[in-house]
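> Quick one, entry.cif (mmCIF, C-alpha atoms and all ligand atoms):
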data_coords
#
loop_
_atom_site.label_atom_id
_atom_site.label_comp_id
_atom_site.auth_asym_id
_atom_site.auth_seq_id
_atom_site.Cartn_x
_atom_site.Cartn_y
_atom_site.Cartn_z
CA MET A 1 92.45 -6.04 31.76
CA ASP A 2 92.47 -2.22 31.87
CA MET A 3 95.76 -2.39 33.72
CA MET A 4 97.35 -4.61 31.09
CA ASN A 5 96.01 -2.33 28.36
CA PHE A 6 97.64 0.60 30.12
CA LEU A 7 100.95 -1.24 30.17
CA ASN A 8 100.65 -2.15 26.47
CA GLU A 9 99.84 1.46 25.62
CA ALA A 10 102.84 2.71 27.60
CA THR A 11 105.06 0.23 25.73
CA THR A 12 103.79 1.47 22.36
CA ARG A 13 103.94 5.12 23.37
CA TYR A 14 107.54 4.96 24.59
CA PRO A 15 109.23 2.56 22.18
CA ALA A 16 112.71 3.63 23.27
CA ALA A 17 112.00 2.66 26.88
CA ILE A 18 113.76 -0.44 28.20
CA SER A 19 111.05 -2.75 29.41
CA PHE A 20 111.27 -5.02 32.44
CA ALA A 21 107.51 -5.51 31.99
CA PRO A 22 106.76 -8.38 29.61
CA GLY A 23 107.05 -11.99 30.73
CA ARG A 24 107.77 -13.12 27.17
CA PRO A 25 110.49 -15.58 26.21
CA HIS A 26 113.63 -14.17 24.62
CA GLU A 27 113.16 -13.99 20.83
CA GLY A 28 116.79 -14.92 20.13
CA LEU A 29 116.02 -18.43 21.37
CA PHE A 30 113.52 -19.23 18.61
CA ASP A 31 114.56 -21.46 15.71
CA ASN A 32 112.35 -21.93 12.60
CA GLU A 33 114.20 -24.98 11.31
CA GLN A 34 113.75 -26.78 14.62
CA ILE A 35 109.96 -26.72 14.09
CA PHE A 36 110.34 -28.65 10.81
CA ARG A 37 112.71 -31.14 12.43
CA PHE A 38 110.22 -31.80 15.23
CA LEU A 39 107.40 -32.31 12.70
CA HIS A 40 109.51 -34.82 10.80
CA ASP A 41 110.45 -36.61 14.01
CA TYR A 42 106.76 -37.09 14.79
CA LEU A 43 105.93 -38.27 11.26
CA ASP A 44 108.82 -40.76 11.39
CA TYR A 45 107.60 -41.98 14.77
CA LEU A 46 104.05 -42.54 13.49
CA ALA A 47 105.42 -44.51 10.53
CA ALA A 48 107.74 -46.54 12.76
CA GLN A 49 104.74 -47.40 14.94
CA GLY A 50 103.19 -49.07 11.89
CA ASN A 51 100.56 -46.43 11.11
CA SER A 52 99.31 -46.40 7.53
CA PRO A 53 100.02 -43.37 5.30
CA ALA A 54 96.27 -42.59 5.39
CA SER A 55 96.12 -42.54 9.20
CA ILE A 56 99.30 -40.42 9.36
CA HIS A 57 97.64 -38.03 6.90
CA SER A 58 94.61 -37.89 9.12
CA ALA A 59 96.69 -37.37 12.29
CA MET A 60 98.25 -34.27 10.72
CA HIS A 61 95.25 -32.75 8.97
CA GLN A 62 92.01 -33.94 10.50
CA TYR A 63 90.03 -32.93 13.56
CA GLY A 64 91.55 -35.01 16.34
CA PRO A 65 90.42 -36.63 19.59
CA THR A 66 89.14 -33.95 21.97
CA ALA A 67 91.43 -35.03 24.82
CA GLY A 68 94.41 -34.92 22.47
CA GLN A 69 96.39 -37.34 20.34
CA ILE A 70 99.73 -37.17 22.16
CA CYS A 71 98.54 -37.99 25.71
CA ASP A 72 100.71 -41.14 25.79
CA ILE A 73 103.82 -39.17 24.76
CA ILE A 74 103.13 -36.52 27.42
CA ALA A 75 102.52 -39.23 30.06
CA ASP A 76 105.88 -40.78 29.17
CA ALA A 77 107.56 -37.36 29.36
CA LEU A 78 106.14 -36.80 32.86
CA TRP A 79 107.71 -40.09 33.88
CA GLN A 80 111.09 -39.37 32.26
CA GLU A 81 111.27 -35.77 33.42
CA GLU A 82 109.56 -35.80 36.80
CA GLY A 83 109.36 -39.46 37.80
CA LEU A 84 105.58 -39.05 37.79
CA ARG A 85 103.49 -42.03 36.73
CA VAL A 86 100.11 -41.02 35.29
CA SER A 87 97.81 -42.75 32.89
CA PRO A 88 97.47 -41.12 29.43
CA ARG A 89 93.71 -41.30 30.09
CA SER A 90 94.07 -38.72 32.85
CA ILE A 91 95.65 -36.17 30.46
CA VAL A 92 93.85 -33.57 28.35
CA VAL A 93 95.96 -31.67 25.81
CA THR A 94 94.92 -28.02 25.74
CA VAL A 95 95.47 -24.77 23.88
CA GLY A 96 98.14 -23.56 26.28
CA ALA A 97 97.96 -23.69 30.06
CA GLN A 98 95.38 -20.95 29.73
CA GLU A 99 92.74 -23.25 28.26
CA ALA A 100 93.51 -25.85 30.93
CA MET A 101 92.74 -23.21 33.60
CA ILE A 102 89.40 -22.40 31.95
CA LEU A 103 88.43 -26.08 31.69
CA VAL A 104 89.42 -26.90 35.28
CA LEU A 105 87.58 -23.92 36.73
CA ARG A 106 84.50 -24.64 34.62
CA ALA A 107 84.48 -28.27 35.76
CA LEU A 108 85.07 -27.58 39.47
CA MET A 109 83.10 -24.44 40.15
CA ALA A 110 79.44 -25.35 40.02
CA GLY A 111 77.56 -23.10 42.41
CA SER A 112 77.53 -19.49 43.52
CA ASP A 113 78.99 -20.47 46.92
CA ASP A 114 81.99 -22.17 45.33
CA VAL A 115 85.31 -20.46 45.89
CA LEU A 116 88.70 -20.56 44.20
CA LEU A 117 91.60 -19.69 46.46
CA VAL A 118 94.66 -18.19 44.84
CA SER A 119 98.03 -17.61 46.38
CA SER A 120 98.41 -13.84 46.27
CA PRO A 121 100.09 -12.05 44.49
CA CYS A 122 98.78 -14.13 41.66
CA TYR A 123 99.18 -14.79 37.93
CA VAL A 124 96.57 -12.75 36.05
CA GLY A 125 95.69 -15.64 33.70
CA ILE A 126 93.87 -17.52 36.47
CA THR A 127 92.09 -14.48 37.89
CA GLY A 128 91.15 -13.51 34.31
CA ALA A 129 89.75 -17.00 33.66
CA ALA A 130 87.81 -16.80 36.94
CA THR A 131 86.40 -13.41 35.96
CA VAL A 132 85.25 -14.69 32.56
CA LEU A 133 83.53 -17.66 34.22
CA GLY A 134 82.05 -15.66 37.10
CA VAL A 135 84.05 -17.63 39.69
CA ARG A 136 84.55 -16.12 43.15
CA VAL A 137 88.29 -15.67 43.89
CA VAL A 138 89.64 -15.35 47.43
CA PRO A 139 93.32 -14.51 47.92
CA VAL A 140 95.61 -16.28 50.37
CA ASP A 141 98.48 -13.96 51.16
CA GLU A 142 101.89 -15.35 50.17
CA GLY A 143 103.61 -13.36 52.91
CA VAL A 144 107.37 -12.93 53.03
CA GLY A 145 108.23 -16.63 53.24
CA GLY A 146 105.68 -17.69 50.62
CA LEU A 147 102.36 -19.45 51.07
CA SER A 148 101.90 -21.46 54.28
CA SER A 149 99.39 -24.14 55.14
CA ALA A 150 98.58 -22.27 58.37
CA ARG A 151 97.50 -19.19 56.39
CA LEU A 152 95.63 -21.42 54.00
CA GLU A 153 93.76 -23.03 56.89
CA THR A 154 92.75 -19.65 58.31
CA VAL A 155 91.28 -18.58 54.97
CA VAL A 156 89.48 -21.90 54.44
CA THR A 157 87.94 -21.69 57.93
CA ALA A 158 86.83 -18.11 57.36
CA GLN A 159 85.24 -18.97 54.01
CA ARG A 160 83.40 -21.96 55.47
CA ALA A 161 82.10 -19.77 58.27
CA LYS A 162 80.48 -17.66 55.55
CA GLY A 163 78.78 -20.76 54.14
CA ARG A 164 81.09 -21.05 51.15
CA ARG A 165 82.52 -24.17 49.61
CA VAL A 166 86.25 -23.95 48.96
CA ARG A 167 86.82 -26.08 45.85
CA ALA A 168 90.41 -25.43 44.86
CA LEU A 169 93.64 -23.56 45.48
CA TYR A 170 95.74 -22.27 42.57
CA VAL A 171 99.53 -22.13 43.09
CA VAL A 172 102.66 -21.55 41.00
CA PRO A 173 105.21 -23.36 43.19
CA ASP A 174 108.38 -22.74 41.16
CA TYR A 175 109.69 -19.21 40.50
CA ALA A 176 106.17 -17.81 40.65
CA ASN A 177 104.75 -15.20 38.35
CA PRO A 178 104.78 -12.46 39.63
CA SER A 179 106.71 -12.86 42.90
CA GLY A 180 109.62 -15.10 41.83
CA THR A 181 109.05 -17.17 44.99
CA THR A 182 109.68 -20.92 45.13
CA MET A 183 107.71 -23.05 47.58
CA PRO A 184 109.88 -25.14 49.96
CA VAL A 185 109.45 -28.93 49.94
CA ASP A 186 107.85 -29.04 53.39
CA THR A 187 105.23 -26.52 52.36
CA ARG A 188 104.52 -28.52 49.19
CA ARG A 189 103.85 -31.59 51.29
CA SER A 190 101.82 -29.82 53.97
CA ILE A 191 99.64 -28.05 51.41
CA VAL A 192 98.91 -31.28 49.56
CA GLU A 193 98.11 -33.07 52.85
CA PHE A 194 95.88 -30.21 53.96
CA ALA A 195 94.04 -30.20 50.62
CA ALA A 196 93.48 -33.96 50.76
CA ARG A 197 92.24 -33.75 54.35
CA GLU A 198 89.93 -30.84 53.67
CA ASN A 199 88.63 -32.17 50.39
CA LEU A 200 89.81 -29.43 48.07
CA LEU A 201 91.97 -29.66 44.98
CA VAL A 202 95.29 -27.97 44.37
CA ILE A 203 95.76 -26.59 40.85
CA GLU A 204 99.50 -26.65 40.22
CA ASP A 205 100.83 -24.50 37.37
CA SER A 206 104.59 -24.38 36.87
CA PRO A 207 105.71 -23.03 33.48
CA TYR A 208 109.11 -21.74 34.69
CA ARG A 209 110.28 -24.98 36.28
CA LEU A 210 112.02 -26.44 33.24
CA ILE A 211 113.70 -23.25 32.10
CA SER A 212 115.45 -22.65 35.40
CA PRO A 213 118.90 -23.88 36.42
CA GLY A 214 119.89 -26.15 39.28
CA PRO A 215 118.19 -29.05 41.05
CA ARG A 216 114.41 -29.11 40.98
CA LEU A 217 112.14 -29.60 43.98
CA PRO A 218 109.46 -32.29 43.57
CA THR A 219 106.24 -31.14 41.95
CA LEU A 220 103.16 -31.04 44.17
CA LYS A 221 101.66 -33.72 41.94
CA SER A 222 104.60 -36.02 42.59
CA VAL A 223 104.27 -35.76 46.39
CA ASP A 224 100.51 -36.32 46.16
CA SER A 225 99.31 -39.80 47.02
CA HIS A 226 95.66 -38.71 47.36
CA ARG A 227 94.95 -37.40 43.84
CA ALA A 228 94.48 -33.98 45.42
CA VAL A 229 96.48 -32.17 42.73
CA VAL A 230 95.46 -31.22 39.21
CA GLN A 231 98.66 -30.43 37.37
CA ILE A 232 98.69 -27.91 34.52
CA GLY A 233 101.53 -27.95 32.01
CA SER A 234 102.72 -25.51 29.35
CA PHE A 235 105.22 -25.69 26.48
CA SER A 236 105.25 -21.90 26.03
CA LYS A 237 108.51 -21.37 27.86
CA THR A 238 110.31 -24.66 27.15
CA LEU A 239 109.54 -24.49 23.40
CA PHE A 240 107.77 -21.32 22.24
CA PRO A 241 104.44 -19.67 23.12
CA GLY A 242 103.21 -19.61 19.51
CA VAL A 243 102.82 -23.39 19.65
CA ARG A 244 99.95 -22.74 22.13
CA LEU A 245 100.18 -26.11 23.76
CA GLY A 246 99.53 -27.13 27.34
CA PHE A 247 97.85 -29.94 29.22
CA ALA A 248 96.06 -30.90 32.40
CA VAL A 249 96.67 -34.03 34.44
CA ALA A 250 93.31 -34.69 36.11
CA ASP A 251 93.24 -38.23 37.52
CA GLN A 252 90.56 -37.54 40.12
CA ILE A 253 87.59 -39.89 40.20
CA VAL A 254 84.28 -38.19 39.58
CA VAL A 255 80.96 -39.82 40.48
CA ASP A 256 77.78 -38.51 38.87
CA ASP A 257 74.28 -38.44 40.37
CA ALA A 258 73.56 -41.93 38.98
CA GLY A 259 76.69 -43.31 40.64
CA ASN A 260 78.68 -43.62 37.38
CA LYS A 261 82.41 -43.11 37.77
CA SER A 262 84.72 -41.28 35.39
CA LEU A 263 87.93 -39.27 35.57
CA LEU A 264 88.00 -35.51 35.96
CA ALA A 265 89.95 -35.56 32.68
CA ASP A 266 86.81 -36.91 30.95
CA GLU A 267 84.83 -33.98 32.32
CA LEU A 268 87.48 -31.55 31.07
CA ALA A 269 87.35 -33.18 27.62
CA LYS A 270 83.55 -32.80 27.52
CA ILE A 271 83.87 -29.09 28.25
CA LYS A 272 86.73 -28.75 25.78
CA SER A 273 84.56 -30.25 23.05
CA MET A 274 82.39 -27.14 23.42
CA VAL A 275 85.28 -24.69 23.67
CA THR A 276 87.96 -25.59 21.09
CA LEU A 277 86.86 -29.08 19.83
CA ASN A 278 90.46 -30.23 19.90
CA THR A 279 93.92 -28.76 20.26
CA PRO A 280 95.51 -28.07 16.83
CA THR A 281 97.00 -31.34 15.58
CA LEU A 282 99.89 -29.46 13.98
CA SER A 283 100.93 -28.01 17.34
CA GLN A 284 100.59 -31.42 18.97
CA ALA A 285 102.82 -32.85 16.24
CA VAL A 286 105.53 -30.25 16.92
CA VAL A 287 105.47 -30.87 20.68
CA ALA A 288 105.37 -34.66 20.21
CA GLY A 289 108.44 -34.41 17.94
CA ALA A 290 110.25 -32.34 20.57
CA LEU A 291 109.42 -34.85 23.32
CA LEU A 292 110.35 -37.85 21.18
CA SER A 293 113.64 -36.32 20.05
CA SER A 294 114.65 -35.69 23.68
CA ALA A 295 113.44 -39.08 24.95
CA GLY A 296 110.79 -37.30 27.00
CA ARG A 297 113.14 -34.78 28.57
CA ILE A 298 112.18 -31.42 27.17
CA SER A 299 114.51 -29.81 29.72
CA GLU A 300 117.35 -31.02 27.45
CA ILE A 301 115.89 -29.00 24.58
CA SER A 302 115.33 -25.99 26.82
CA ALA A 303 118.81 -26.21 28.41
CA GLY A 304 120.02 -23.31 26.23
CA ALA A 305 117.03 -21.21 27.32
CA SER A 306 117.66 -22.07 30.99
CA ALA A 307 121.29 -20.99 30.67
CA HIS A 308 120.24 -17.75 28.97
CA TYR A 309 117.65 -16.85 31.62
CA ASP A 310 120.08 -17.81 34.37
CA ARG A 311 122.64 -15.36 32.96
CA SER A 312 119.99 -12.64 32.64
CA MET A 313 118.74 -13.16 36.19
CA LYS A 314 122.27 -13.08 37.62
CA ARG A 315 123.19 -10.03 35.55
CA THR A 316 120.09 -8.14 36.73
CA LEU A 317 120.78 -8.99 40.37
CA GLU A 318 124.46 -7.97 40.00
CA CYS A 319 123.48 -4.66 38.38
CA LEU A 320 120.97 -3.94 41.15
CA GLU A 321 123.69 -4.64 43.72
CA LEU A 322 126.11 -2.37 41.87
CA HIS A 323 123.74 0.57 41.59
CA LEU A 324 122.02 0.06 44.90
CA PRO A 325 124.55 -1.35 47.39
CA THR A 326 123.25 -2.14 50.88
CA PRO A 327 123.64 1.30 52.53
CA ARG A 328 122.11 3.10 49.55
CA ARG A 329 119.32 0.55 49.44
CA ALA A 330 118.49 1.18 53.09
CA GLU A 331 118.59 4.95 52.53
CA LEU A 332 116.19 4.69 49.60
CA GLU A 333 113.98 2.06 51.29
CA VAL A 334 114.40 -0.35 48.40
CA GLN A 335 114.52 -4.15 48.66
CA TRP A 336 114.27 -7.05 46.29
CA ASN A 337 114.23 -10.83 46.40
CA GLU A 338 116.89 -12.96 44.69
CA PRO A 339 115.21 -15.80 42.78
CA SER A 340 117.56 -18.45 41.47
CA GLY A 341 115.45 -19.07 38.36
CA GLY A 342 112.38 -18.04 36.41
CA PHE A 343 111.71 -14.62 34.93
CA PHE A 344 110.65 -12.42 37.83
CA ILE A 345 112.07 -10.30 40.65
CA THR A 346 109.89 -8.38 43.11
CA MET A 347 111.17 -5.03 44.34
CA THR A 348 109.70 -2.89 47.11
CA VAL A 349 110.03 0.82 46.38
CA PRO A 350 109.66 4.03 48.40
CA PHE A 351 106.72 5.41 46.37
CA ILE A 352 103.26 4.38 45.20
CA ALA A 353 103.99 2.23 42.16
CA ASP A 354 100.81 2.97 40.21
CA ASN A 355 100.06 3.83 36.58
CA GLU A 356 101.06 7.47 37.10
CA ALA A 357 104.46 6.39 38.44
CA LEU A 358 104.84 4.01 35.51
CA GLN A 359 104.04 6.82 33.12
CA ARG A 360 106.69 9.10 34.72
CA SER A 361 109.18 6.25 34.64
CA ALA A 362 108.61 5.58 30.94
CA LYS A 363 108.39 9.20 29.83
CA ASP A 364 111.16 10.78 31.87
CA PHE A 365 113.53 7.89 32.52
CA GLY A 366 112.90 5.47 29.65
CA VAL A 367 112.27 2.39 31.74
CA LEU A 368 109.15 0.23 32.17
CA TRP A 369 108.16 -2.31 34.82
CA THR A 370 104.90 -3.77 36.08
CA PRO A 371 103.10 -2.46 39.17
CA MET A 372 102.70 -5.41 41.57
CA SER A 373 99.25 -4.11 42.51
CA TYR A 374 98.04 -5.59 39.19
CA PHE A 375 98.56 -9.04 40.71
CA TYR A 376 96.71 -8.65 44.02
CA PRO A 377 93.08 -9.72 43.58
CA GLY A 378 92.24 -8.48 47.09
CA GLY A 379 94.20 -5.22 46.83
CA GLY A 380 97.76 -4.58 47.99
CA GLY A 381 101.24 -4.43 46.50
CA SER A 382 101.04 -0.67 45.99
CA ARG A 383 104.70 -0.14 46.92
CA SER A 384 106.25 -2.87 44.87
CA ILE A 385 107.06 -3.60 41.27
CA ARG A 386 107.74 -6.71 39.18
CA LEU A 387 110.89 -6.81 37.08
CA SER A 388 110.99 -9.38 34.30
CA ILE A 389 114.42 -10.34 33.03
CA SER A 390 113.27 -12.56 30.19
CA SER A 391 113.26 -10.49 27.04
CA LEU A 392 116.24 -8.14 27.51
CA SER A 393 119.84 -8.36 26.30
CA GLU A 394 122.70 -7.89 28.79
CA THR A 395 123.32 -4.35 27.52
CA GLU A 396 119.66 -3.51 27.95
CA ILE A 397 119.71 -4.95 31.47
CA ASP A 398 122.73 -2.77 32.39
CA GLU A 399 121.18 0.39 31.02
CA GLY A 400 117.69 -0.53 32.28
CA VAL A 401 118.86 -0.95 35.87
CA ALA A 402 120.80 2.35 35.69
CA ARG A 403 117.64 4.12 34.49
CA LEU A 404 115.49 2.41 37.11
CA THR A 405 117.88 3.53 39.84
CA ARG A 406 117.71 7.15 38.65
CA PHE A 407 113.92 6.92 38.58
CA ILE A 408 113.73 5.52 42.12
CA GLU A 409 116.10 8.22 43.39
CA ALA A 410 114.00 10.94 41.77
CA GLU A 411 110.76 9.55 43.19
CA ARG A 412 112.33 9.32 46.62
CA ASN A 413 113.57 12.91 46.43
CA VAL A 414 110.12 14.14 45.49
CA ARG A 415 108.57 12.27 48.39
CA ARG A 416 111.17 13.64 50.83
CA ALA A 417 110.96 17.24 49.59
CA PRO A 418 109.77 19.55 52.40
CA VAL A 419 106.29 20.55 51.29
CA THR A 420 106.41 24.00 52.90
CA THR A 421 109.53 25.19 51.10
CA THR A 422 109.12 23.59 47.69
CA SER A 423 106.40 24.62 45.30
CA PRO A 424 104.52 21.88 43.41
CA ALA A 425 106.04 23.22 40.20
CA MET A 426 109.56 22.74 41.59
CA VAL A 427 108.69 19.24 42.73
CA ALA A 428 107.40 18.35 39.26
CA LEU A 429 110.50 19.87 37.66
CA ARG A 430 112.81 17.94 39.93
CA ALA A 431 110.96 14.72 39.22
CA GLN A 432 111.62 15.17 35.53
CA GLN A 433 115.39 15.41 35.88
CA PRO A 434 117.02 12.06 35.11
C1 LIG A 501 102.12 -18.82 35.82
C2 LIG A 501 101.77 -18.88 34.36
N1 LIG A 501 100.91 -19.81 33.93
C3 LIG A 501 100.59 -19.91 32.63
C4 LIG A 501 101.11 -19.04 31.70
C5 LIG A 501 100.67 -19.13 30.26
O1 LIG A 501 100.84 -20.39 29.74
P1 LIG A 501 100.37 -20.71 28.26
O2 LIG A 501 101.14 -19.83 27.32
O3 LIG A 501 100.69 -22.15 28.10
O4 LIG A 501 98.89 -20.45 28.17
C6 LIG A 501 102.00 -18.05 32.10
C7 LIG A 501 102.54 -17.11 31.10
O5 LIG A 501 103.11 -16.11 31.35
C8 LIG A 501 102.34 -17.97 33.46
O6 LIG A 501 103.19 -17.04 33.92
#
Using structure tokens, write down the structure from this file.

Amino acid sequence: MDMMNFLNEATTRYPAAISFAPGRPHEGLFDNEQIFRFLHDYLDYLAAQGNSPASIHSAMHQYGPTAGQICDIIADALWQEEGLRVSPRSIVVTVGAQEAMILVLRALMAGSDDVLLVSSPCYVGITGAATVLGVRVVPVDEGVGGLSSARLETVVTAQRAKGRRVRALYVVPDYANPSGTTMPVDTRRSIVEFAARENLLVIEDSPYRLISPGPRLPTLKSVDSHRAVVQIGSFSKTLFPGVRLGFAVADQIVVDDAGNKSLLADELAKIKSMVTLNTPTLSQAVVAGALLSSAGRISEISAGASAHYDRSMKRTLECLELHLPTPRRAELEVQWNEPSGGFFITMTVPFIADNEALQRSAKDFGVLWTPMSYFYPGGGGSRSIRLSISSLSETEIDEGVARLTRFIEAERNVRRAPVTTTSPAMVALRAQQP
């Protein structure tokens, strides 16, 4: 949290800096009138379904069912969009994916020996939720090729040897935040099989999937025939984050001490009733309208956003190539991955990318980024940064990459300066020259 506060402070303190830091959607994609259209679509749908004016009134204004009032519409959308058949009863509509994470962790993590594994580097929302709930987090290193079931197995074995119970693994399989990595199909299958065999759940969170171009790999949930995957959904990137709407698909069978069976979704709803009572009906109405108007395929509504982010990603990668062609890259010891979607690029840099470096970058070069070390729960990532392409215009991307290049060159020069012949004052002076 302190790290994020530092980043927010730096953003406020250097307002002229071009920021590759925030993972926010591009503001130019928002449309006020569309919200009203979606609301009307939902009202028309309720009327066409034969609901009385009084029950429509209640659906818009009243407290609603804790598990949500649009579970059937979301279930249909999962079928239309992903070919995934789930019962509406296994869905809980939540206040963003973030609430779904809290509910799932609260339901699964019962004892002090329970462990949540996270693929590392890892989205801070899940580690934050774990911190708030006092859940023990153990990282599984993503490595260069992404998470592997072999690495997962090693960590599970080591945890069990310590007497711990590994309950779940959290993954972002498509265009991950922060690494930008996408999990290959084989890995998806082997991780799901491993989880089913070893009796742990996979928590799948994939908010960038439907705002990315090109063919989509199957979700982990859709290759899961063992109910080993709890899928978390979010409408923050496909629609807009202010709608604060997400969901969990939790079709696992839970048996209580008396032998009574229920679905994990029922457990989540019980917890939710003590957290937010129900997800705002107004937000559910907007999302329902969006899903109905696209016949369950929200990717059709977010097609403009996907095209925009695709252009921004390609532009950023082209600019990096232009400013840092291969020989120069090797000289400077810089590398980056080339995601084909999502918001994030990871870059390795020839200096310690900590808060001090970020401060120098913002103050002296007018460019912000996020230290990757923020995303490593077990430590690491000190020489890499996350670049987010989501909120910048093309002109800002061009100028931002030019500034970033000058910053990297300056940092590299400082690091290479012969200590015996250059005074600290000279080094500091040189570092300040753009
Ligand atoms: C991986 C991941 N999950 C979840 C979220 C947040 O989702 P929501 O806005 O629905 O809470 C984000 C937002 O940046 C994210 O990157």
> Go through chain A and flag each residue having an atom no more than 8 Å from ligand LIG 501 (chain A); for those, report the closest pair of atoms plus their distance in Å to one decimal, using all atoms listed in the file, ordered by chain and rising number, as CSV.

residue,atom,partner,partner_atom,distance
A:Gly23,CA,A:LIG501,O5,5.7
A:Arg24,CA,A:LIG501,O5,6.9
A:Val95,CA,A:LIG501,O4,7.0
A:Gly96,CA,A:LIG501,O3,3.4
A:Ala97,CA,A:LIG501,O3,3.7
A:Gln98,CA,A:LIG501,O4,3.9
A:Glu99,CA,A:LIG501,O4,6.8
A:Tyr123,CA,A:LIG501,C1,5.4
A:Gly125,CA,A:LIG501,C3,6.6
A:Ile126,CA,A:LIG501,N1,7.8
A:Val172,CA,A:LIG501,C1,5.9
A:Ala176,CA,A:LIG501,C1,6.4
A:Asn177,CA,A:LIG501,O6,5.0
A:Pro178,CA,A:LIG501,O6,7.5
A:Asp205,CA,A:LIG501,N1,5.8
A:Ser206,CA,A:LIG501,C1,6.2
A:Pro207,CA,A:LIG501,C2,5.8
A:Tyr208,CA,A:LIG501,O6,7.6
A:Gly233,CA,A:LIG501,O3,7.0
A:Ser234,CA,A:LIG501,O3,4.1
A:Phe235,CA,A:LIG501,O3,6.0
A:Ser236,CA,A:LIG501,O2,4.8
A:Lys237,CA,A:LIG501,O2,7.5
A:Pro241,CA,A:LIG501,O2,5.3
A:Arg244,CA,A:LIG501,O3,6.0
A:Leu245,CA,A:LIG501,O3,5.9
A:Gly246,CA,A:LIG501,O3,5.2
> For a quick check of understanding, using only C-alpha atoms, which of A:Ala305, A:Ala290, A:Val138, A:Val349 has the smallest distance to A:Gln34?
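Ranked by minimum distance to A:Gln34, first place goes to A:Ala290.
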> Which of these residues is nearest to A:Val334, using all atoms listed in the file: A:Thr238, A:Thr405, A:Thr316, A:Ser262?
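Smallest separation from A:Val334 among the options: A:Thr405.
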> Counting only C-alpha atoms, which of A:Ser148, A:Ala59, A:Arg165, A:Arg315 gets nearest to A:Leu108?
A:Arg165
> Taking into account all atoms listed in the file, which residue in the set A:Ser388, A:Ser119, A:Ser361, A:Gln252 is nearest to A:Leu317?
A:Ser388
> Which polymer residues, whether protein, DNA or RNA, lie within 12 Å of the coordinate (82.7, -16.0, 30.9) when you count only C-alpha atoms? List them as a ChimeraX atom specification, using the chain letters and numbers from the file.
/A:102-103,105-106,127-135,275
> Just write the chosen residues, C-alpha atoms, as an mmCIF file, in the frame of the given file.

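Heads up, here's the output in again-v4.cif:
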data_model
loop_
_atom_site.group_PDB
_atom_site.id
_atom_site.type_symbol
_atom_site.label_atom_id
_atom_site.label_comp_id
_atom_site.auth_asym_id
_atom_site.auth_seq_id
_atom_site.Cartn_x
_atom_site.Cartn_y
_atom_site.Cartn_z
ATOM 1 C CA ILE A 102 89.400 -22.400 31.950
ATOM 2 C CA LEU A 103 88.430 -26.080 31.690
ATOM 3 C CA LEU A 105 87.580 -23.920 36.730
ATOM 4 C CA ARG A 106 84.500 -24.640 34.620
ATOM 5 C CA THR A 127 92.090 -14.480 37.890
ATOM 6 C CA GLY A 128 91.150 -13.510 34.310
ATOM 7 C CA ALA A 129 89.750 -17.000 33.660
ATOM 8 C CA ALA A 130 87.810 -16.800 36.940
ATOM 9 C CA THR A 131 86.400 -13.410 35.960
ATOM 10 C CA VAL A 132 85.250 -14.690 32.560
ATOM 11 C CA LEU A 133 83.530 -17.660 34.220
ATOM 12 C CA GLY A 134 82.050 -15.660 37.100
ATOM 13 C CA VAL A 135 84.050 -17.630 39.690
ATOM 14 C CA VAL A 275 85.280 -24.690 23.670
#
> Counting only C-alpha atoms, select every polymer residue within 10 Å of (100.9, -31.5, 28.3) as defined in the file's coordinates, and provide the selection as a PyMOL selection string.
chain A and resi 68+70-75+77-78+91-97+100+231-235+245-249+284+287-288
> In Å, rounded to a single decimal, give me how far atom CA of A:Val104 is from atom CA of A:Gly342.
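Separation between atom CA of A:Gly342 and atom CA of A:Val104: 24.6 Å.
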